[in-house]
Amino acid sequence: MAAVATRARALTSAVLAQWPLPDVGDSADKESRGHVLVVAGSHEMPGAALLAAVAALRTGAGKLTIAAPRRVAEGLALAIPEARVLGLAESRAGGFLQAGCKALRPVAPSVASVVLGPGMLDERRSAAFVRAVLPCFRNSLTVLDALAMSAAHGGPFDQPVVMTPHAGEMAHLSGLSKETINADPLRVAREAAARWNACVVLKGPTTYLALPDGTAWRFDGGTAGLATSGSGDTLAGLIGGLAARGAPPLQAAAWGVLLHAHAGHALRKRQGPLGYLARELSGEVPALMAQLARRDQPRTVRR
């Protein structure tokens with residue numbers, strides 16, 4: 001850690017223009033653009049799975065599979081006709097059961113990225129489910145959000161993982177107070193990344209991205225309207241979709257954070273600073289990606 005710069009580097013549109021996403025080419029089919037699996041939702045929050053899944057498709061991922069509790073799976077299949085939807089076993093409280101892993105194993109070889117956690121209930125059982133299912137996806141990049149992040153209590157990860165906590169979730173995971181986290185979020189993000197061997201996206205007014213080796217970026221260009229129900233589910237889906245396209249953990253997280261924020265700014269400009277909905281964010285993403293892709297790319301960003 002001593003050799004790592006004390007400050008985090010600023011994440012900007014200019015940085016991403018110099019850090020292009022993997023180019024699949026104009027003739028790419030859906031297979032080459034990546035298959036993303038979203039494991040999310042509950043009977044109380046089925047919309048979380050919908051928001052994450054649609055966001056993943058809006059990044060340009062080629063194929064989408066959703067795994068959701070059985071009692072909401074049919075509704076999600078009707079709401080997102082682009083997706084294959086699997087209904088998984090659930091606890092009485094609405095959490096995923098480890099028995100659901102069996103249904104996911106057949107799709108694992110084709111999956112490039114996995115989004116786990118949005119809208120999950122029953123923390124104990126869902127965390128056990130996540131720990132059981134992770135080994136099936138060692139060759140995929142996994143985004144852990146919401147209750148799925150509780151799997152970190154089992155120790156450091158031995159596969160590519162992105163975690164997306166806000167300060168309250170980080171407090172729950174780390175045992176630190178929110179006041180301690182907010183006082184020095186960069187240090188907390190770096191320590192968490194090293195402890196869990198993951199790319200950590202610590203969300204807040206300024207968002208910090210950290211890798212286990214201490215590499216860190218900061219983004220402070222958000223907008224207050226993004227602090228709304230479902231916004232984090234959308235961000236998790238964006239990161240998962242970008243990973244499905246072949247972006248490594250830090251790049252997928254960086255692009256996801258900036259696209260999410262810029263979508264908020266676009267809606268703020270048209271609708272006002274507050275009151276736009278998380279469901280509206282994803283629709284802004286394709287145009288924003290195209291704008292960044294049109295910029296000159298004189299060099300490659302140093303990770």
# chains A, B, ... in the order shown; residues from 1 in each chain; ligands from 1
>>> select_by_dssp(residues="region 82-199 of chain A", states="helix (DSSP H, G or I)", output="PyMOL selection string")
chain A and resi 98-110+123-137+146-154+167-174+178-183+185-196
>>> residues_around(residues="region 199-206 of chain A", least_positions_apart="4", cutoff="10 Å", atoms="only C-alpha atoms", output="JSON, numbers by chain")
{"A": [143, 144, 160, 161, 162, 163, 164, 165, 166, 167, 168, 169, 170, 181, 182, 185, 186, 188, 189, 190, 191, 192, 193, 194, 210, 211, 212, 213, 215, 216, 217, 218, 219, 220, 221, 222, 223, 224, 226, 227, 232, 249, 250, 253, 254, 257]}
>>> closest_residue(among="A:Arg195, A:Arg138, A:Gly175, A:Arg84", to="Gly155 (chain A)", atoms="only C-alpha atoms")
A:Arg195
>>> residues_around(residues="Lys102 (chain A)", least_positions_apart="3", cutoff="12 Å", atoms="only C-alpha atoms", output="VMD selection string")
chain A and resid 67 86 to 89 97 to 99 105 to 108 129 132 to 133 136
>>> select_by_dssp(residues="region 63-218 of chain A", states="strand (DSSP E)", output="PyMOL selection string")
chain A and resi 63-69+84-88+113-116+141-144+161-163+199-202+207-210+216-218
>>> residues_around(residues="Gly34 (chain A)", least_positions_apart="4", cutoff="7 Å", atoms="only C-alpha atoms", output="number ranges by chain")
A: 30, 61-63, 112, 244-245
>>> write_last_selection(atoms="N, CA and C atoms", output="short mmCIF file (atom, residue, chain, number, x, y, z; two decimals), in the first residue's frame")
data_model
loop_
_atom_site.label_atom_id
_atom_site.label_comp_id
_atom_site.auth_asym_id
_atom_site.auth_seq_id
_atom_site.Cartn_x
_atom_site.Cartn_y
_atom_site.Cartn_z
N LYS A 30 -25.36 -11.52 -30.94
CA LYS A 30 -25.66 -11.40 -29.52
C LYS A 30 -24.75 -12.26 -28.65
N ALA A 61 -25.23 -5.41 -23.75
CA ALA A 61 -25.05 -6.85 -23.56
C ALA A 61 -25.98 -7.60 -24.52
N GLY A 62 -25.53 -8.75 -25.00
CA GLY A 62 -26.28 -9.44 -26.06
C GLY A 62 -27.40 -10.34 -25.58
N LYS A 63 -27.23 -10.97 -24.43
CA LYS A 63 -28.23 -11.92 -23.93
C LYS A 63 -28.47 -11.68 -22.45
N ALA A 112 -21.18 -14.48 -19.00
CA ALA A 112 -19.98 -13.65 -18.87
C ALA A 112 -19.98 -12.84 -17.59
N ALA A 244 -20.35 -7.98 -19.03
CA ALA A 244 -20.71 -9.01 -20.01
C ALA A 244 -20.09 -8.71 -21.36
N ARG A 245 -19.92 -7.46 -21.68
CA ARG A 245 -19.30 -7.06 -22.94
C ARG A 245 -17.79 -7.25 -22.94
#
>>> closest_residue(among="A:Gly241, A:Pro156, A:Gly246, A:Pro118", to="Leu51 (chain A)", atoms="only C-alpha atoms")
A:Pro118
>>> decode(residues="region 255-298 of chain A", atoms="N, CA and C atoms", output="mmCIF file, in the first residue's frame")
data_model
loop_
_atom_site.group_PDB
_atom_site.id
_atom_site.type_symbol
_atom_site.label_atom_id
_atom_site.label_comp_id
_atom_site.auth_asym_id
_atom_site.auth_seq_id
_atom_site.Cartn_x
_atom_site.Cartn_y
_atom_site.Cartn_z
ATOM 1 N N TRP A 255 -17.133 2.912 -15.824
ATOM 2 C CA TRP A 255 -18.104 3.280 -16.846
ATOM 3 C C TRP A 255 -19.521 3.273 -16.275
ATOM 4 N N GLY A 256 -19.834 2.287 -15.461
ATOM 5 C CA GLY A 256 -21.170 2.214 -14.877
ATOM 6 C C GLY A 256 -21.486 3.418 -14.017
ATOM 7 N N VAL A 257 -20.536 3.818 -13.171
ATOM 8 C CA VAL A 257 -20.742 4.959 -12.277
ATOM 9 C C VAL A 257 -20.957 6.236 -13.083
ATOM 10 N N LEU A 258 -20.121 6.451 -14.091
ATOM 11 C CA LEU A 258 -20.236 7.699 -14.834
ATOM 12 C C LEU A 258 -21.488 7.727 -15.713
ATOM 13 N N LEU A 259 -21.804 6.617 -16.362
ATOM 14 C CA LEU A 259 -23.021 6.577 -17.180
ATOM 15 C C LEU A 259 -24.266 6.785 -16.326
ATOM 16 N N HIS A 260 -24.294 6.175 -15.162
ATOM 17 C CA HIS A 260 -25.403 6.325 -14.227
ATOM 18 C C HIS A 260 -25.588 7.800 -13.850
ATOM 19 N N ALA A 261 -24.480 8.471 -13.520
ATOM 20 C CA ALA A 261 -24.554 9.876 -13.132
ATOM 21 C C ALA A 261 -24.959 10.760 -14.303
ATOM 22 N N HIS A 262 -24.389 10.514 -15.468
ATOM 23 C CA HIS A 262 -24.718 11.340 -16.634
ATOM 24 C C HIS A 262 -26.169 11.142 -17.057
ATOM 25 N N ALA A 263 -26.689 9.941 -16.881
ATOM 26 C CA ALA A 263 -28.113 9.727 -17.150
ATOM 27 C C ALA A 263 -28.957 10.582 -16.216
ATOM 28 N N GLY A 264 -28.547 10.670 -14.956
ATOM 29 C CA GLY A 264 -29.247 11.524 -14.012
ATOM 30 C C GLY A 264 -29.202 12.980 -14.422
ATOM 31 N N HIS A 265 -28.060 13.430 -14.896
ATOM 32 C CA HIS A 265 -27.947 14.819 -15.336
ATOM 33 C C HIS A 265 -28.828 15.093 -16.557
ATOM 34 N N ALA A 266 -28.895 14.127 -17.463
ATOM 35 C CA ALA A 266 -29.742 14.310 -18.640
ATOM 36 C C ALA A 266 -31.211 14.445 -18.241
ATOM 37 N N LEU A 267 -31.652 13.624 -17.306
ATOM 38 C CA LEU A 267 -33.033 13.711 -16.833
ATOM 39 C C LEU A 267 -33.263 14.985 -16.019
ATOM 40 N N ARG A 268 -32.270 15.369 -15.247
ATOM 41 C CA ARG A 268 -32.372 16.612 -14.469
ATOM 42 C C ARG A 268 -32.582 17.802 -15.391
ATOM 43 N N LYS A 269 -31.874 17.809 -16.502
ATOM 44 C CA LYS A 269 -31.983 18.934 -17.436
ATOM 45 C C LYS A 269 -33.383 19.031 -18.025
ATOM 46 N N ARG A 270 -33.996 17.882 -18.300
ATOM 47 C CA ARG A 270 -35.309 17.886 -18.938
ATOM 48 C C ARG A 270 -36.464 17.967 -17.940
ATOM 49 N N GLN A 271 -36.288 17.345 -16.761
ATOM 50 C CA GLN A 271 -37.413 17.196 -15.847
ATOM 51 C C GLN A 271 -37.284 17.980 -14.548
ATOM 52 N N GLY A 272 -36.085 18.409 -14.213
ATOM 53 C CA GLY A 272 -35.870 19.077 -12.943
ATOM 54 C C GLY A 272 -34.970 18.258 -12.043
ATOM 55 N N PRO A 273 -34.465 18.856 -10.971
ATOM 56 C CA PRO A 273 -33.448 18.195 -10.146
ATOM 57 C C PRO A 273 -33.937 16.999 -9.354
ATOM 58 N N LEU A 274 -35.221 16.947 -9.018
ATOM 59 C CA LEU A 274 -35.768 15.843 -8.236
ATOM 60 C C LEU A 274 -37.040 15.326 -8.896
ATOM 61 N N GLY A 275 -37.333 14.051 -8.680
ATOM 62 C CA GLY A 275 -38.604 13.495 -9.129
ATOM 63 C C GLY A 275 -38.525 12.609 -10.346
ATOM 64 N N TYR A 276 -37.379 12.555 -11.041
ATOM 65 C CA TYR A 276 -37.271 11.560 -12.101
ATOM 66 C C TYR A 276 -37.074 10.187 -11.465
ATOM 67 N N LEU A 277 -37.369 9.153 -12.228
ATOM 68 C CA LEU A 277 -37.441 7.805 -11.675
ATOM 69 C C LEU A 277 -36.256 6.944 -12.107
ATOM 70 N N ALA A 278 -35.912 5.990 -11.263
ATOM 71 C CA ALA A 278 -34.818 5.084 -11.595
ATOM 72 C C ALA A 278 -35.082 4.340 -12.892
ATOM 73 N N ARG A 279 -36.344 4.028 -13.167
ATOM 74 C CA ARG A 279 -36.665 3.293 -14.396
ATOM 75 C C ARG A 279 -36.326 4.095 -15.652
ATOM 76 N N GLU A 280 -36.192 5.419 -15.509
ATOM 77 C CA GLU A 280 -35.913 6.273 -16.661
ATOM 78 C C GLU A 280 -34.421 6.389 -16.968
ATOM 79 N N LEU A 281 -33.582 6.018 -16.036
ATOM 80 C CA LEU A 281 -32.140 6.197 -16.214
ATOM 81 C C LEU A 281 -31.582 5.366 -17.361
ATOM 82 N N SER A 282 -31.975 4.120 -17.447
ATOM 83 C CA SER A 282 -31.373 3.212 -18.429
ATOM 84 C C SER A 282 -31.587 3.668 -19.858
ATOM 85 N N GLY A 283 -32.728 4.294 -20.137
ATOM 86 C CA GLY A 283 -33.014 4.737 -21.492
ATOM 87 C C GLY A 283 -32.053 5.788 -22.004
ATOM 88 N N GLU A 284 -31.364 6.478 -21.098
ATOM 89 C CA GLU A 284 -30.392 7.494 -21.500
ATOM 90 C C GLU A 284 -29.041 6.899 -21.881
ATOM 91 N N VAL A 285 -28.785 5.663 -21.468
ATOM 92 C CA VAL A 285 -27.431 5.103 -21.538
ATOM 93 C C VAL A 285 -26.916 4.868 -22.956
ATOM 94 N N PRO A 286 -27.674 4.291 -23.883
ATOM 95 C CA PRO A 286 -27.097 4.052 -25.213
ATOM 96 C C PRO A 286 -26.559 5.317 -25.883
ATOM 97 N N ALA A 287 -27.297 6.417 -25.810
ATOM 98 C CA ALA A 287 -26.831 7.661 -26.419
ATOM 99 C C ALA A 287 -25.583 8.191 -25.712
ATOM 100 N N LEU A 288 -25.542 8.063 -24.379
ATOM 101 C CA LEU A 288 -24.369 8.522 -23.645
ATOM 102 C C LEU A 288 -23.128 7.713 -24.019
ATOM 103 N N MET A 289 -23.271 6.408 -24.158
ATOM 104 C CA MET A 289 -22.136 5.583 -24.579
ATOM 105 C C MET A 289 -21.657 5.992 -25.961
ATOM 106 N N ALA A 290 -22.588 6.259 -26.854
ATOM 107 C CA ALA A 290 -22.218 6.660 -28.210
ATOM 108 C C ALA A 290 -21.480 7.996 -28.206
ATOM 109 N N GLN A 291 -21.904 8.916 -27.364
ATOM 110 C CA GLN A 291 -21.227 10.206 -27.272
ATOM 111 C C GLN A 291 -19.780 10.035 -26.834
ATOM 112 N N LEU A 292 -19.566 9.202 -25.829
ATOM 113 C CA LEU A 292 -18.202 8.970 -25.358
ATOM 114 C C LEU A 292 -17.367 8.262 -26.409
ATOM 115 N N ALA A 293 -17.973 7.344 -27.146
ATOM 116 C CA ALA A 293 -17.235 6.596 -28.162
ATOM 117 C C ALA A 293 -16.788 7.488 -29.314
ATOM 118 N N ARG A 294 -17.484 8.613 -29.535
ATOM 119 C CA ARG A 294 -17.125 9.505 -30.644
ATOM 120 C C ARG A 294 -15.950 10.404 -30.307
ATOM 121 N N ARG A 295 -15.578 10.463 -29.043
ATOM 122 C CA ARG A 295 -14.434 11.289 -28.665
ATOM 123 C C ARG A 295 -13.135 10.671 -29.180
ATOM 124 N N ASP A 296 -12.138 11.506 -29.351
ATOM 125 C CA ASP A 296 -10.823 11.001 -29.737
ATOM 126 C C ASP A 296 -10.283 10.127 -28.613
ATOM 127 N N GLN A 297 -9.469 9.147 -28.983
ATOM 128 C CA GLN A 297 -8.897 8.215 -28.011
ATOM 129 C C GLN A 297 -7.386 8.187 -28.206
ATOM 130 N N PRO A 298 -6.681 9.237 -27.765
ATOM 131 C CA PRO A 298 -5.265 9.362 -28.057
ATOM 132 C C PRO A 298 -4.353 8.406 -27.305
#
